[in-house]
Structures are given as C-alpha cells and as structure tokens.
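Text of run.csv, listed as CSV, C-alpha atoms:
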chain,number,residue,atom,x,y,z
Z,1,THR,CA,-38.6,-24.6,32.2
Z,2,LEU,CA,-34.9,-24.1,32.8
Z,3,ASP,CA,-33.8,-24.0,36.4
Z,4,THR,CA,-31.1,-21.3,36.2
Z,5,ASP,CA,-29.9,-22.1,39.7
Z,6,LYS,CA,-28.6,-25.5,38.6
Z,7,ARG,CA,-26.7,-24.3,35.5
Z,8,ALA,CA,-23.0,-25.2,35.5
Z,9,PRO,CA,-20.8,-22.3,36.2
Z,10,ILE,CA,-18.9,-20.8,33.2
Z,11,ASP,CA,-15.2,-21.7,33.1
Z,12,ILE,CA,-13.7,-18.2,32.6
Z,13,LYS,CA,-10.3,-19.6,31.7
Z,14,ALA,CA,-11.8,-21.8,29.0
Z,15,THR,CA,-13.3,-18.8,27.2
Z,16,GLU,CA,-10.2,-16.6,27.2
Z,17,ILE,CA,-8.9,-15.7,23.8
Z,18,PRO,CA,-5.1,-15.7,23.7
Z,19,GLU,CA,-3.3,-12.7,22.4
Z,20,PRO,CA,-1.4,-13.5,19.2
Z,21,PRO,CA,2.2,-12.6,19.0
Z,22,LEU,CA,1.5,-10.6,15.9
Z,23,SER,CA,-1.9,-9.3,14.9
Z,24,LYS,CA,-3.5,-10.4,11.6
Z,25,LEU,CA,-3.1,-6.9,10.3
Z,26,GLU,CA,0.6,-6.7,11.0
Z,27,ASN,CA,1.1,-10.2,9.6
Z,28,ALA,CA,-0.7,-9.3,6.4
Z,29,ILE,CA,1.4,-6.1,6.0
Z,30,ALA,CA,4.6,-7.9,6.7
Z,31,GLU,CA,3.8,-10.6,4.0
Z,32,ALA,CA,2.4,-8.2,1.4
Z,33,ILE,CA,4.6,-6.9,-1.4
Z,34,HIS,CA,2.4,-3.8,-1.7
Z,35,LEU,CA,-0.4,-2.4,0.5
Z,36,ARG,CA,-3.5,-0.4,-0.4
Z,37,ILE,CA,-5.8,1.4,2.0
Z,38,VAL,CA,-9.3,2.0,0.6
Z,39,ALA,CA,-11.5,4.4,2.5
Z,40,PRO,CA,-13.7,7.4,2.1
Z,41,THR,CA,-12.8,10.9,3.3
Z,42,GLY,CA,-12.8,11.4,7.0
Z,43,SER,CA,-12.5,7.7,7.9
Z,44,GLY,CA,-9.0,8.1,9.4
Z,45,LYS,CA,-7.1,6.5,6.5
Z,46,SER,CA,-4.3,9.0,6.6
Z,47,VAL,CA,-3.8,8.4,10.4
Z,48,LEU,CA,-3.8,4.7,9.8
Z,49,LEU,CA,-1.3,5.2,7.0
Z,50,GLY,CA,1.0,7.2,9.4
Z,51,ASN,CA,0.8,4.5,12.0
Z,52,LEU,CA,1.7,1.8,9.4
Z,53,ILE,CA,4.7,3.8,8.4
Z,54,ASN,CA,5.9,4.0,11.9
Z,55,TYR,CA,5.4,0.2,12.3
Z,56,LEU,CA,7.1,-0.7,9.1
Z,57,THR,CA,10.1,1.5,9.6
Z,58,MET,CA,10.6,0.1,13.1
Z,59,GLU,CA,10.0,-3.5,12.0
Z,60,PHE,CA,12.2,-3.4,9.0
Z,61,MET,CA,14.6,-0.6,9.8
Z,62,SER,CA,13.8,0.8,6.4
Z,63,GLU,CA,13.6,4.1,4.6
Z,64,TYR,CA,10.4,5.7,3.2
Z,65,VAL,CA,9.4,8.4,0.8
Z,66,LEU,CA,6.2,10.0,1.9
Z,67,TYR,CA,4.1,11.8,-0.8
Z,68,ASP,CA,1.5,14.2,0.4
Z,69,PRO,CA,-0.2,15.6,-2.8
Z,70,LYS,CA,-3.2,17.0,-0.9
Z,71,VAL,CA,-1.1,18.6,1.8
Z,72,THR,CA,-2.9,16.9,4.7
Z,73,ALA,CA,-3.1,18.6,8.1
Z,74,ARG,CA,0.1,18.4,10.1
Z,75,GLU,CA,-1.4,16.6,13.1
Z,76,VAL,CA,-2.4,13.7,10.9
Z,77,TRP,CA,1.2,12.7,10.4
Z,78,GLY,CA,2.3,13.1,14.0
Z,79,ASN,CA,6.0,12.9,14.1
Z,80,LEU,CA,6.3,12.1,10.4
Z,81,GLU,CA,7.4,14.6,7.9
Z,82,PRO,CA,6.3,14.2,4.3
Z,83,THR,CA,9.1,14.1,1.8
Z,84,TYR,CA,7.1,15.8,-1.0
Z,85,TYR,CA,4.0,18.0,-1.1
Z,86,GLY,CA,1.5,18.9,-3.8
Z,87,ALA,CA,2.5,18.8,-7.5
Z,88,GLU,CA,6.1,18.3,-6.6
Z,89,CYS,CA,5.1,14.7,-5.8
Z,90,LEU,CA,4.9,14.0,-9.5
Z,91,TYR,CA,8.6,14.2,-10.2
Z,92,PRO,CA,9.8,11.5,-7.8
Z,93,PHE,CA,6.8,9.3,-8.6
Z,94,PHE,CA,7.6,9.5,-12.3
Z,95,SER,CA,11.1,8.2,-11.5
Z,96,LEU,CA,9.7,5.0,-10.0
Z,97,THR,CA,10.4,2.9,-13.1
Z,98,LEU,CA,14.0,4.1,-13.2
Z,99,GLU,CA,14.4,3.2,-9.6
Z,100,CYS,CA,13.1,-0.3,-10.2
Z,101,LEU,CA,15.3,-0.8,-13.2
Z,102,LYS,CA,18.3,0.4,-11.2
Z,103,ARG,CA,17.8,-2.5,-8.7
Z,104,ILE,CA,17.1,-5.0,-11.4
Z,105,ASN,CA,20.3,-4.0,-13.2
Z,106,GLN,CA,22.3,-4.5,-10.0
Z,107,VAL,CA,21.1,-8.0,-9.9
Z,108,ILE,CA,22.0,-8.5,-13.6
Z,109,ASP,CA,25.5,-7.2,-13.0
Z,110,ALA,CA,25.9,-9.6,-10.0
Z,111,ARG,CA,24.8,-12.6,-12.1
Z,112,LYS,CA,27.2,-11.7,-14.9
Z,113,ALA,CA,30.1,-11.3,-12.5
Z,114,ASN,CA,29.1,-14.7,-10.9
Z,115,ILE,CA,28.8,-13.2,-7.4
Z,116,ALA,CA,26.0,-13.2,-4.9
Z,117,ASP,CA,22.9,-11.2,-5.6
Z,118,PRO,CA,22.7,-7.9,-3.8
Z,119,VAL,CA,20.6,-7.7,-0.7
Z,120,PHE,CA,18.4,-4.7,-0.8
Z,121,GLN,CA,16.9,-2.8,2.1
Z,122,PRO,CA,13.2,-2.3,1.7
Z,123,LEU,CA,12.2,1.2,0.4
Z,124,PHE,CA,8.6,2.2,1.0
Z,125,HIS,CA,6.9,4.7,-1.3
Z,126,VAL,CA,4.0,6.0,0.7
Z,127,ILE,CA,1.3,7.9,-1.2
Z,128,ASP,CA,-1.7,9.8,0.3
Z,129,GLU,CA,-3.8,9.9,-1.9
Z,130,LEU,CA,-3.0,8.1,-5.2
Z,131,GLU,CA,-6.2,9.2,-7.0
Z,132,PHE,CA,-5.4,12.8,-6.3
Z,133,LEU,CA,-1.9,12.4,-7.5
Z,134,TYR,CA,-3.2,10.9,-10.7
Z,135,GLY,CA,-5.5,13.9,-11.1
Z,136,LEU,CA,-2.5,16.2,-10.8
Z,137,SER,CA,-0.9,14.4,-13.7
Z,138,GLU,CA,-4.0,15.1,-15.8
Z,139,VAL,CA,-3.6,18.9,-15.3
Z,140,SER,CA,0.2,19.2,-15.1
Z,141,PRO,CA,1.7,21.8,-17.5
Z,142,ASP,CA,4.7,19.5,-17.9
Z,143,LYS,CA,3.8,17.3,-20.8
Z,144,ASP,CA,6.2,14.6,-19.6
Z,145,LEU,CA,4.1,14.3,-16.4
Z,146,ASN,CA,1.0,12.9,-18.2
Z,147,PRO,CA,-1.5,10.2,-17.2
Z,148,LYS,CA,-0.1,7.6,-19.6
Z,149,THR,CA,3.4,7.9,-18.1
Z,150,PHE,CA,1.8,7.9,-14.6
Z,151,LYS,CA,0.2,4.5,-15.4
Z,152,ILE,CA,3.5,3.1,-16.6
Z,153,ASN,CA,5.3,4.1,-13.5
Z,154,LEU,CA,2.5,2.8,-11.2
Z,155,LYS,CA,2.3,-0.5,-13.0
Z,156,THR,CA,6.0,-1.0,-12.9
Z,157,GLY,CA,6.1,-0.4,-9.2
Z,158,LEU,CA,3.2,-2.8,-8.6
Z,159,LYS,CA,4.8,-5.5,-10.7
Z,160,VAL,CA,8.3,-5.4,-9.3
Z,161,GLY,CA,9.3,-8.6,-7.6
Z,162,ARG,CA,9.4,-9.2,-3.8
Z,163,GLU,CA,13.2,-9.7,-4.0
Z,164,HIS,CA,13.8,-6.1,-5.2
Z,165,LYS,CA,12.3,-4.7,-2.0
Z,166,ILE,CA,10.5,-1.7,-3.5
Z,167,LYS,CA,7.1,-1.5,-1.7
Z,168,LEU,CA,4.2,0.8,-2.5
Z,169,LEU,CA,1.8,1.8,0.3
Z,170,PHE,CA,-1.0,4.0,-1.0
Z,171,VAL,CA,-4.5,5.3,-0.2
Z,172,THR,CA,-7.4,5.4,-2.6
Z,173,GLN,CA,-11.0,6.4,-2.0
Z,174,SER,CA,-12.4,3.9,-4.5
Z,175,PRO,CA,-11.8,0.2,-4.5
Z,176,LEU,CA,-12.1,0.0,-8.3
Z,177,PRO,CA,-8.7,-0.1,-10.1
Z,178,THR,CA,-10.4,1.4,-13.2
Z,179,ASP,CA,-10.5,4.7,-11.4
Z,180,LEU,CA,-6.7,4.7,-11.7
Z,181,ASN,CA,-6.8,3.4,-15.3
Z,182,LEU,CA,-5.6,0.0,-14.0
Z,183,ARG,CA,-7.0,-3.5,-14.5
Z,184,LYS,CA,-7.8,-5.9,-11.7
Z,185,ASN,CA,-4.8,-8.1,-12.3
Z,186,ASP,CA,-2.5,-5.1,-11.8
Z,187,LEU,CA,-3.2,-5.3,-8.1
Z,188,PHE,CA,-2.5,-9.1,-7.7
Z,189,ASN,CA,0.7,-8.3,-5.7
Z,190,THR,CA,-1.2,-5.8,-3.5
Z,191,ALA,CA,-2.9,-6.5,-0.2
Z,192,SER,CA,-5.9,-4.2,0.5
Z,193,ILE,CA,-7.4,-2.9,3.7
Z,194,PHE,CA,-11.0,-1.6,3.3
Z,195,LEU,CA,-12.6,0.9,5.7
Z,196,GLY,CA,-16.1,2.2,6.2
Z,197,LYS,CA,-18.5,2.1,3.3
Z,198,CYS,CA,-15.7,1.0,1.0
Z,199,ILE,CA,-16.1,-2.5,2.5
Z,200,LEU,CA,-19.5,-2.8,0.8
Z,201,GLU,CA,-18.3,-1.2,-2.4
Z,202,ALA,CA,-15.5,-3.8,-2.5
Z,203,LEU,CA,-18.1,-6.5,-2.6
Z,204,GLY,CA,-19.7,-5.0,-5.7
Z,205,SER,CA,-19.9,-6.8,-8.9
Z,206,GLU,CA,-16.5,-5.8,-10.4
Z,207,LEU,CA,-14.5,-7.2,-7.5
Z,208,LEU,CA,-16.9,-10.0,-6.4
Z,209,SER,CA,-16.7,-11.5,-9.8
Z,210,ASP,CA,-13.1,-12.6,-8.9
Z,211,VAL,CA,-14.4,-14.7,-6.0
Z,212,SER,CA,-15.4,-18.3,-6.7
Z,213,GLU,CA,-18.7,-19.7,-5.5
Z,214,GLU,CA,-16.8,-22.2,-3.3
Z,215,LYS,CA,-15.3,-19.2,-1.4
Full structure transcribed into structure tokens:
Amino acid sequence: TLDTDKRAPIDIKATEIPEPPLSKLENAIAEAIHLRIVAPTGSGKSVLLGNLINYLTMEFMSEYVLYDPKVTAREVWGNLEPTYYGAECLYPFFSLTLECLKRINQVIDARKANIADPVFQPLFHVIDELEFLYGLSEVSPDKDLNPKTFKINLKTGLKVGREHKIKLLFVTQSPLPTDLNLRKNDLFNTASIFLGKCILEALGSELLSDVSEEK
C-alpha cells in the first residue's frame, strides 16, 4: 500500500500554465482570411460574433459592414449597430464582386503606372446568418437578387486574396457547404469555429473525408 504521508509535495509553480500573449482563438482570427462561426440556434453565436467585431475593429482599426437579415434582438449586438437589416442586406451583398474588382483594378492601375501597390485597410463584411440571407435571395421579388448571383458574389468574396484585405465573417447553422450551394474547396481560405452540437456534425462523413488517416 502507498504511504500517503511520505509522498513528495506538489511543486505548485511547476504546474502553473503561463498565460499566452494572444489566445489561440485571437491568433487564428488574426491569421485567417475569412472566418465562419458554425453553431445551432441559441448557442450564443451572435454574441460571439459581436465580440469578434469589437476585437477586430480595435486590433486592426478597420471598418465593418454588419448584415442582420434576421433582425436579431438589440441586446445581442451591445454597442454595435447593424448597417443593414432584413431583405435590404441583399443589395450590398450583391455588390461584393464589384467591391473586390474595384480593389483588384486599383492594383492593376498601380502596376501599369509602375508605382507601389496600394495598401488597403481591412474591410470586414459581417453576416448573421448567411443561410437566412441565402433564403431571402430565393424568395426575393427582384429577379437580379437570385440564388445563382448570390453564389457568385459569395464565392468571389471567399476567393479574394489576402492582400486585398476584404474579409468575410459569417454565421451558419450547418457545417456543410452544400447548404449554401458551395463546394468544400470554396472554404479553403476560411477558418471555422464550431460550437455545440455542430462540433459533432463537423466530424461527419462529408467533412471528415478531408482529413488523412495520419491526422
């Protein structure tokens, strides 16, 4: 039997875990081109999204466009004020491709003039919730605001390069890109945060097939 009275005392200092200067979450956000939060209703994803906006705008001194297609309760956003509500979110979202092309053309003009490339300030397009916004495009009376054009603008935003500093932060309830009419490789530039039961769904066959046996 073990004589507990003779056990060596625990060195408290040796077991202390140092506080990192930047949390893993903040570091992942800072390094990501785009960010997706995947969580079921009632899991606090909108609150998390609001906190991330505050962090990013303070960290990067950047501007953001906040889309609130579901018109979330005011207290969720705290001191933030959505830029667009409901179906009006469709119009600026459908201008995303033009916004990307505008920055790309500025780089082209600089190259042709043999001058330094422009330095862009990050612009965050924050969408809560993207699936609901997609649904609004399916029922919009404006024929130009259709699901096909929605997909084109979303894919353009997701594929734009890091140097152009257009970042998408969005919330979905499903981890499957097919629910937004996307393929898995459309999200290669996007870091994902999974909450609640969506963690298990993310480990389902469609996403797990991308992970090698070595991992």
**Message:** Can you tell me which residues surround Z:Thr149 at a distance of at most 9 Å, considering only C-alpha atoms, apart from same-chain residues fewer than 5 positions away, and format the answer as a ChimeraX atom specification?
**Reply:** /Z:94,137,144,154
**Which residue of Z:Leu145, Z:Leu101, Z:Leu133, Z:Val171 approaches Z:Ile193 most closely, using all atoms listed in the file** =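 Distance minimum relative to Z:Ile193 lands on Z:Val171.
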**Request:** Return the single residue from Z:Asn54, Z:Ser46, Z:Thr172, Z:Thr156 that is closest to Z:Thr97, with distances computed using all atoms listed in the file.
**Result:**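 Under the stated criterion, the closest residue is Z:Thr156.
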**Message:** As an exercise, work out the distance from atom CA of Z:Glu63 to atom CA of Z:Leu123 in Å and give it to one decimal place.
**Reply:** 5.3 Å
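Take atom CA of Z:Val126 and atom CA of Z:Val160: the distance between them is 15.8 Å.
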**Asked** Z:Ser43: which residues within 12 Å, counting all atoms listed in the file, same-chain residues fewer than 4 positions away excluded, as a list in words?
**Response** Ile37, Val38, Ala39, Val47, Leu48, Leu49, Val171, Thr172, Gln173, Phe194, Leu195, Gly196, Lys197 and Cys198 of chain Z
**Asked** Need the neighbours of (-3.5, -3.5, -2.3): which residues are at most 9 Å away, counting only C-alpha atoms, as a ChimeraX atom specification?
**Response** /Z:32-38,168-170,187-193
**Prompt:** To one decimal place, how far is atom CA of Z:Ala87 from atom CA of Z:Tyr134 in Å?
**Reply:** 10.3 Å
**Request:** Using only C-alpha atoms, find the one residue out of Z:Glu88, Z:Glu201, Z:Glu75, Z:Asp68 that sits nearest to Z:Ser140.
**Result:**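 Checking each candidate against Z:Ser140, we get Z:Glu88 as the closest.
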